[in-house]
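Shown here: query_26.txt, compact mmCIF, C-alpha atoms.
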# COMPACT_ATOMS: atom_id res chain seq x y z
CA MET L 20 19.07 102.86 150.84
CA GLU L 21 19.70 106.23 152.54
CA ARG L 22 17.38 107.39 155.36
CA THR L 23 16.87 111.06 156.17
CA GLU L 24 14.39 113.14 158.18
CA LEU L 25 13.05 116.52 157.09
CA CYS L 26 11.06 118.97 159.18
CA TYR L 27 8.73 121.53 157.60
CA ASN L 28 8.95 124.94 159.27
CA GLY L 29 6.93 127.01 156.83
CA GLU L 30 3.87 128.98 157.90
CA GLU L 31 1.49 127.78 155.19
CA PRO L 32 0.70 124.15 154.24
CA ILE L 33 2.64 122.90 151.22
CA ARG L 34 2.39 119.92 148.90
CA ALA L 35 4.65 117.06 149.93
CA ASP L 36 6.29 116.72 146.51
CA VAL L 37 7.06 120.44 146.36
CA PHE L 38 8.60 120.36 149.85
CA LEU L 39 10.73 117.28 149.08
CA ALA L 40 11.95 118.73 145.78
CA GLY L 41 13.12 121.89 147.53
CA GLU L 42 14.71 120.17 150.53
CA LEU L 43 16.56 117.50 148.56
CA ASP L 44 17.29 119.79 145.58
CA VAL L 45 15.76 117.30 143.14
CA THR L 46 13.10 117.54 140.46
CA ARG L 47 9.40 117.41 141.29
CA THR L 48 9.25 114.22 139.20
CA PHE L 49 11.88 112.51 141.35
CA ALA L 50 10.19 113.68 144.57
CA ALA L 51 6.80 112.45 143.33
CA GLY L 52 8.41 109.11 142.50
CA LEU L 53 9.62 108.72 146.09
CA LEU L 54 6.09 109.37 147.34
CA GLU L 55 4.48 107.04 144.82
CA ASP L 56 6.93 104.26 145.68
CA GLY L 57 6.09 104.46 149.39
CA GLN L 58 9.48 105.86 150.41
CA VAL L 59 8.09 108.77 152.46
CA CYS L 60 6.30 108.54 155.81
CA LYS L 61 4.84 111.01 158.29
CA ASN L 62 4.27 109.63 161.79
CA GLY L 63 4.59 106.11 160.45
CA CYS L 64 2.03 106.60 157.68
CA LEU L 65 2.73 106.81 153.95
CA VAL L 66 2.30 110.20 152.35
CA ALA L 67 0.54 110.79 149.03
CA LYS L 68 2.34 113.00 146.50
CA ASN L 69 -0.44 115.60 146.52
CA ALA L 70 -0.82 115.57 150.31
CA ARG L 71 -0.22 118.84 152.12
CA ILE L 72 2.08 118.99 155.11
CA LYS L 73 1.90 121.52 157.90
CA THR L 74 4.27 123.36 160.22
CA GLY L 75 6.19 120.94 162.43
CA ASP L 76 5.51 117.85 160.31
CA ILE L 77 8.50 115.53 160.07
CA LEU L 78 8.91 113.37 156.98
CA THR L 79 11.07 110.26 157.00
CA VAL L 80 12.47 109.66 153.53
CA MET L 81 14.12 106.50 152.26
CA ILE L 82 16.23 107.31 149.21
CA PRO L 83 16.76 104.22 147.03
CA ASP L 84 20.19 103.14 145.89
CA PRO L 85 21.17 104.45 142.44
CA VAL L 86 19.73 102.55 139.49
CA ALA L 87 21.65 101.60 136.40
CA LEU L 88 22.03 104.67 134.23
CA GLU L 89 20.91 104.91 130.63
CA VAL L 90 23.07 107.97 130.07
CA GLU L 91 26.32 107.11 128.30
CA ALA L 92 29.73 107.84 129.76
CA GLU L 93 31.84 110.03 127.47
CA ASN L 94 35.53 110.78 127.58
CA ILE L 95 35.18 114.58 127.75
CA PRO L 96 38.00 116.58 129.39
CA LEU L 97 37.07 118.20 132.70
CA SER L 98 38.70 121.01 134.65
CA ILE L 99 38.75 119.50 138.14
CA VAL L 100 39.67 121.93 140.91
CA TYR L 101 39.42 119.40 143.76
CA GLU L 102 38.60 115.71 144.19
CA ASP L 103 38.54 113.09 146.95
CA ASN L 104 36.59 109.88 147.64
CA ASP L 105 33.41 111.78 148.50
CA LEU L 106 33.11 114.69 146.08
CA LEU L 107 34.71 116.77 143.39
CA VAL L 108 34.64 120.43 142.38
CA VAL L 109 34.49 121.14 138.65
CA ASP L 110 35.14 124.38 136.78
CA LYS L 111 32.50 124.20 134.03
CA PRO L 112 33.13 126.02 130.76
CA LYS L 113 30.56 128.32 129.20
CA GLY L 114 28.38 126.42 126.73
CA MET L 115 28.41 123.05 128.51
CA VAL L 116 25.03 121.67 129.61
CA VAL L 117 25.07 120.19 133.12
CA HIS L 118 22.75 117.22 132.63
CA PRO L 119 21.08 115.47 129.67
CA ALA L 120 17.73 116.76 128.45
CA PRO L 121 15.80 116.61 125.18
CA GLY L 122 18.06 118.12 122.53
CA ASN L 123 21.16 117.73 124.73
CA GLU L 124 21.47 113.99 125.31
CA THR L 125 25.26 113.89 124.92
CA GLY L 126 28.26 116.09 125.60
CA THR L 127 26.98 117.16 129.02
CA LEU L 128 28.82 117.44 132.31
CA VAL L 129 27.01 114.31 133.52
CA ASN L 130 28.26 112.33 130.51
CA ALA L 131 31.79 113.43 131.36
CA LEU L 132 31.39 112.67 135.07
CA LEU L 133 30.14 109.14 134.41
CA TYR L 134 33.36 108.44 132.50
CA HIS L 135 35.64 110.16 135.00
CA CYS L 136 34.04 108.66 138.12
CA GLN L 137 33.29 105.27 136.59
CA GLY L 138 29.68 105.47 137.75
CA SER L 139 30.56 106.34 141.37
CA LEU L 140 28.07 109.18 141.84
CA SER L 141 25.16 109.89 144.17
CA GLY L 142 21.72 108.79 142.99
CA ILE L 143 19.55 111.41 144.69
CA GLY L 144 19.40 113.57 141.58
CA GLY L 145 17.83 110.71 139.63
CA VAL L 146 18.94 108.82 136.57
CA LEU L 147 19.68 111.92 134.50
CA ARG L 148 21.39 113.96 137.25
CA PRO L 149 23.73 111.60 139.12
CA GLY L 150 25.99 113.45 141.53
CA ILE L 151 24.56 116.88 140.75
CA VAL L 152 24.01 118.74 144.02
CA HIS L 153 23.40 122.18 142.49
CA ARG L 154 23.37 123.40 138.91
CA ILE L 155 24.50 126.36 136.85
CA ASP L 156 23.07 127.30 133.46
CA LYS L 157 24.57 126.15 130.18
CA ASP L 158 25.93 129.61 129.36
CA THR L 159 27.14 130.35 132.89
CA SER L 160 30.73 129.36 133.53
CA GLY L 161 32.41 128.44 136.78
CA LEU L 162 32.39 126.19 139.82
CA LEU L 163 29.96 123.53 140.88
CA ILE L 164 30.21 120.62 143.29
CA VAL L 165 29.48 116.95 142.55
CA ALA L 166 28.73 114.25 145.16
CA LYS L 167 30.07 110.74 144.72
CA HIS L 168 27.57 109.11 147.09
CA ASP L 169 24.25 109.89 148.76
CA LYS L 170 25.64 110.72 152.21
CA ALA L 171 27.83 113.43 150.72
CA HIS L 172 24.94 114.67 148.59
CA LEU L 173 22.61 115.02 151.58
CA GLY L 174 25.27 116.77 153.65
CA LEU L 175 25.95 119.32 150.93
CA ALA L 176 22.26 119.85 150.12
CA SER L 177 21.63 120.52 153.81
CA GLN L 178 24.24 123.30 153.82
CA ILE L 179 22.64 124.90 150.77
CA LYS L 180 19.25 124.77 152.51
CA GLU L 181 20.68 126.31 155.68
CA HIS L 182 22.45 129.08 153.69
CA SER L 183 25.88 128.05 155.02
CA PHE L 184 27.16 127.12 151.55
CA THR L 185 29.16 130.01 150.06
CA ARG L 186 28.39 130.83 146.42
CA GLU L 187 29.81 133.98 144.85
CA TYR L 188 29.38 135.04 141.25
CA ARG L 189 30.74 137.75 139.01
CA ALA L 190 28.52 139.42 136.43
CA VAL L 191 28.41 142.32 134.04
CA VAL L 192 25.00 143.98 134.04
CA TYR L 193 23.45 146.82 132.09
CA GLY L 194 23.56 150.35 133.49
CA THR L 195 24.79 151.97 136.69
CA LEU L 196 23.29 150.88 139.99
CA LYS L 197 22.22 153.64 142.37
CA GLU L 198 23.90 152.11 145.42
CA PRO L 199 27.39 150.54 145.63
CA GLN L 200 25.91 147.50 147.33
CA GLY L 201 22.50 146.11 148.13
CA THR L 202 20.17 143.15 148.47
CA VAL L 203 17.39 141.90 146.26
CA ASN L 204 14.80 140.07 148.36
CA ALA L 205 12.03 138.95 146.02
CA PRO L 206 10.31 135.56 145.65
CA ILE L 207 10.91 133.57 142.47
CA GLY L 208 8.53 131.14 140.81
CA ARG L 209 7.53 129.86 137.39
CA HIS L 210 6.46 132.62 135.00
CA PRO L 211 2.63 132.59 134.89
CA VAL L 212 2.56 132.71 131.08
CA LYS L 213 6.03 131.81 129.77
CA ARG L 214 6.31 128.45 131.51
CA LYS L 215 9.95 127.86 130.58
CA GLN L 216 10.97 131.06 132.33
CA MET L 217 11.16 132.13 135.96
CA ALA L 218 9.91 135.43 137.37
CA VAL L 219 9.52 137.48 140.53
CA THR L 220 6.01 136.51 141.54
CA ASP L 221 3.85 135.66 144.55
CA TYR L 222 2.26 132.70 142.78
CA HIS L 223 3.75 129.38 143.96
CA ALA L 224 7.03 131.24 144.51
CA ARG L 225 9.94 130.51 146.82
CA PHE L 226 11.90 132.89 149.05
CA ALA L 227 14.95 134.23 147.15
CA VAL L 228 17.73 136.60 148.25
CA THR L 229 20.71 137.92 146.28
CA HIS L 230 23.36 140.29 147.68
CA TYR L 231 25.41 142.42 145.28
CA THR L 232 28.44 144.73 145.40
CA VAL L 233 29.52 147.00 142.54
CA LEU L 234 33.20 146.45 141.73
CA SER L 235 33.45 148.88 138.81
CA SER L 236 31.02 150.71 136.53
CA ASN L 237 30.45 153.26 133.79
CA HIS L 238 27.38 154.69 132.09
CA SER L 239 26.74 151.53 130.08
CA PHE L 240 27.66 148.57 132.31
CA SER L 241 28.52 147.55 135.86
CA TYR L 242 30.77 144.74 137.07
CA LEU L 243 29.30 143.04 140.14
CA ARG L 244 30.15 140.55 142.81
CA LEU L 245 27.03 138.63 143.82
CA ARG L 246 26.45 136.31 146.75
CA LEU L 247 23.55 133.90 146.78
CA GLU L 248 21.70 133.43 150.04
CA THR L 249 19.29 131.08 148.29
CA GLY L 250 19.70 129.10 145.07
CA ARG L 251 16.61 129.36 142.90
CA THR L 252 16.54 128.59 139.20
CA HIS L 253 17.95 131.56 137.21
CA GLN L 254 18.03 133.55 140.47
CA ILE L 255 20.71 136.12 139.61
CA ARG L 256 19.38 136.61 136.09
CA VAL L 257 15.81 137.09 137.31
CA HIS L 258 16.74 139.36 140.23
CA MET L 259 19.00 141.61 138.17
CA ALA L 260 16.35 142.00 135.48
CA TYR L 261 13.77 142.70 138.19
CA ILE L 262 15.73 145.73 139.47
CA GLY L 263 16.29 147.02 135.94
CA HIS L 264 19.87 145.81 135.41
CA PRO L 265 19.74 142.53 133.48
CA VAL L 266 22.89 140.51 132.94
CA ALA L 267 24.70 141.48 129.72
CA GLY L 268 24.13 138.97 126.95
CA ASP L 269 21.16 137.30 128.64
CA PRO L 270 18.92 136.10 125.79
CA ILE L 271 15.90 135.44 128.03
CA TYR L 272 15.76 138.13 130.71
CA GLY L 273 17.76 140.85 128.96
CA PRO L 274 16.71 143.37 126.29
CA ARG L 275 15.52 142.17 122.90
CA LYS L 276 18.72 143.35 121.22
CA VAL L 277 21.06 140.70 122.59
CA ILE L 278 24.86 141.12 122.73
CA THR L 279 25.52 138.21 120.40
CA GLN L 280 29.31 138.10 120.79
CA LEU L 281 28.86 136.92 124.40
CA HIS L 282 26.89 133.83 123.29
CA GLY L 283 24.82 133.97 126.47
CA GLN L 284 24.86 135.82 129.79
CA CYS L 285 28.08 137.33 131.18
CA LEU L 286 27.88 135.40 134.46
CA HIS L 287 30.58 133.37 136.22
CA ALA L 288 30.43 131.20 139.35
CA ALA L 289 33.66 132.45 140.87
CA LYS L 290 33.75 130.96 144.38
CA ILE L 291 32.26 128.15 146.43
CA GLY L 292 32.92 127.30 150.06
CA PHE L 293 31.47 124.54 152.24
CA ALA L 294 32.11 122.19 155.14
CA HIS L 295 33.20 118.81 153.82
CA PRO L 296 30.12 116.59 154.34
CA ILE L 297 32.21 113.74 155.77
CA THR L 298 35.23 115.31 157.50
CA GLY L 299 33.68 118.65 158.47
CA GLN L 300 36.72 120.57 157.19
CA TYR L 301 35.88 123.91 155.58
CA LEU L 302 36.95 124.08 151.94
CA GLU L 303 36.88 127.09 149.61
CA PHE L 304 37.76 127.36 145.93
CA ASP L 305 38.05 130.20 143.43
CA SER L 306 37.82 130.28 139.66
CA PRO L 307 39.49 133.09 137.68
CA LEU L 308 37.41 135.05 135.21
CA PRO L 309 37.44 133.34 131.80
CA ASP L 310 38.68 135.10 128.68
CA TYR L 311 35.21 135.82 127.25
CA PHE L 312 34.39 137.73 130.44
CA THR L 313 37.59 139.78 130.72
CA ASP L 314 37.64 140.53 126.98
CA PHE L 315 34.12 141.96 127.18
CA MET L 316 35.04 144.07 130.21
CA LYS L 317 38.14 145.52 128.57
CA LYS L 318 36.20 146.30 125.42
CA ASN L 319 33.64 148.21 127.49
CA GLY L 320 36.03 150.03 129.82
CA LEU L 321 35.40 148.08 133.02
CA ASP L 322 38.14 147.35 135.55
CA ALA L 323 38.50 143.55 135.91
CA ASP L 324 40.60 144.08 139.04
CA GLY L 325 38.00 146.25 140.72
CA LYS L 326 37.49 145.50 144.40
CA ALA L 327 34.91 146.75 146.83
Translate the structure of the given file into structure tokens.
Amino acid sequence: MERTELCYNGEEPIRADVFLAGELDVTRTFAAGLLEDGQVCKNGCLVAKNARIKTGDILTVMIPDPVALEVEAENIPLSIVYEDNDLLVVDKPKGMVVHPAPGNETGTLVNALLYHCQGSLSGIGGVLRPGIVHRIDKDTSGLLIVAKHDKAHLGLASQIKEHSFTREYRAVVYGTLKEPQGTVNAPIGRHPVKRKQMAVTDYHARFAVTHYTVLSSNHSFSYLRLRLETGRTHQIRVHMAYIGHPVAGDPIYGPRKVITQLHGQCLHAAKIGFAHPITGQYLEFDSPLPDYFTDFMKKNGLDADGKA
């Protein structure tokens, strides 16, 4: 059982389950489960899942030990960039789903991790997301970090929350941006109508910031380096579409006529950097652009070696 304390510093009251989900980087279902099971207290009193907490409230959370997983371990090859007793960094290929979900119960990164780590993964993400500290989309390639136990998970999640966790992406987007670099600061929440999509909205939205730099461009496309200050679902894809430059190949937020040869968005998680949650040592890792990405750039006259 892992104990942690969380302080709410927001200006407006917020539901306890929403706050926990954001702070621990877990699903609302998992957060609600902690509340329902009496694992969350405020000033010594249990907190209901629909209770609202206010500025300065401190929640004490007891995170249960991992339960036996129903997800099967599968011997799927992984590209492991780094590994020790506390965590590992994986270079995920395009097309691989991170965790099981309806329609994708097998062949996921979690299935592969269960085999590789022999079940030694943090339990904070719940039964279906063991070890998963942060996620990238199925059709986004690149680096993500996996925690082997809850202490490592909490330490890494805290860095993400405090914006000290480095995450850089590369993307090809439509069109030419007016400025060589800039920042998109726009809140992201669930789309009010298309509930499986995210959108820039003020309704139940969360603060979201993306910084971008143009590395090369032409009249049709631009090659960008992007740094996440926050890590909301589909953040880069939503923010780029919001400013009129959706990610090439994006079947959800891009134009109706999708670039089918990309088989999804041209987006790559190229760099992560963080303080090791146990030793404190700063670690940083890079992932080279995959072939699908560089082939598309060459075909469209973009310089893959472009630097700001």
Minimum-distance residue to Tyr311 of chain L, chosen among L:Ser239, L:Lys213, L:His135, L:Ala190 (using only C-alpha atoms): L:Ala190
10 Å contact set for Pro119 of chain L, all atoms listed in the file, chain neighbours under 4 positions out, as a VMD selection string: chain L and resid 90 to 91 123 to 130 146 to 148
Atomic separation - atom CA of Val108 of chain L relative to atom CA of Leu25 of chain L, Å: 26.4 Å
Atomic separation - atom CA of Gln137 of chain L relative to atom CA of Gln300 of chain L, Å: 25.9 Å
Within-7 Å shell of (26.0, 132.1, 147.0) in input frame, all atoms listed in the file, as number ranges by chain: L: 184-187, 246-249
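Closest approach to Ser306 of chain L among L:Arg256, L:Lys180, L:His287, L:Arg34: L:His287, based on only C-alpha atoms.
Each of L:Glu31, L:Glu93, L:Asp110, L:Asp305 was checked against Leu133 of chain L using only C-alpha atoms; the smallest atom-to-atom distance is that of L:Glu93.
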Pick from L:Gln254, L:Asn204, L:Thr229, L:Ser241 nearest to Gln216 of chain L, counting only C-alpha atoms: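 So, comparing all the options, the nearest one is L:Gln254.
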Exercise: residues within 10 Å of coordinate (36.8, 133.0, 129.0), counting all atoms listed in the file, as a ChimeraX atom specification: /L:112-113,160,281,285,287,307-315
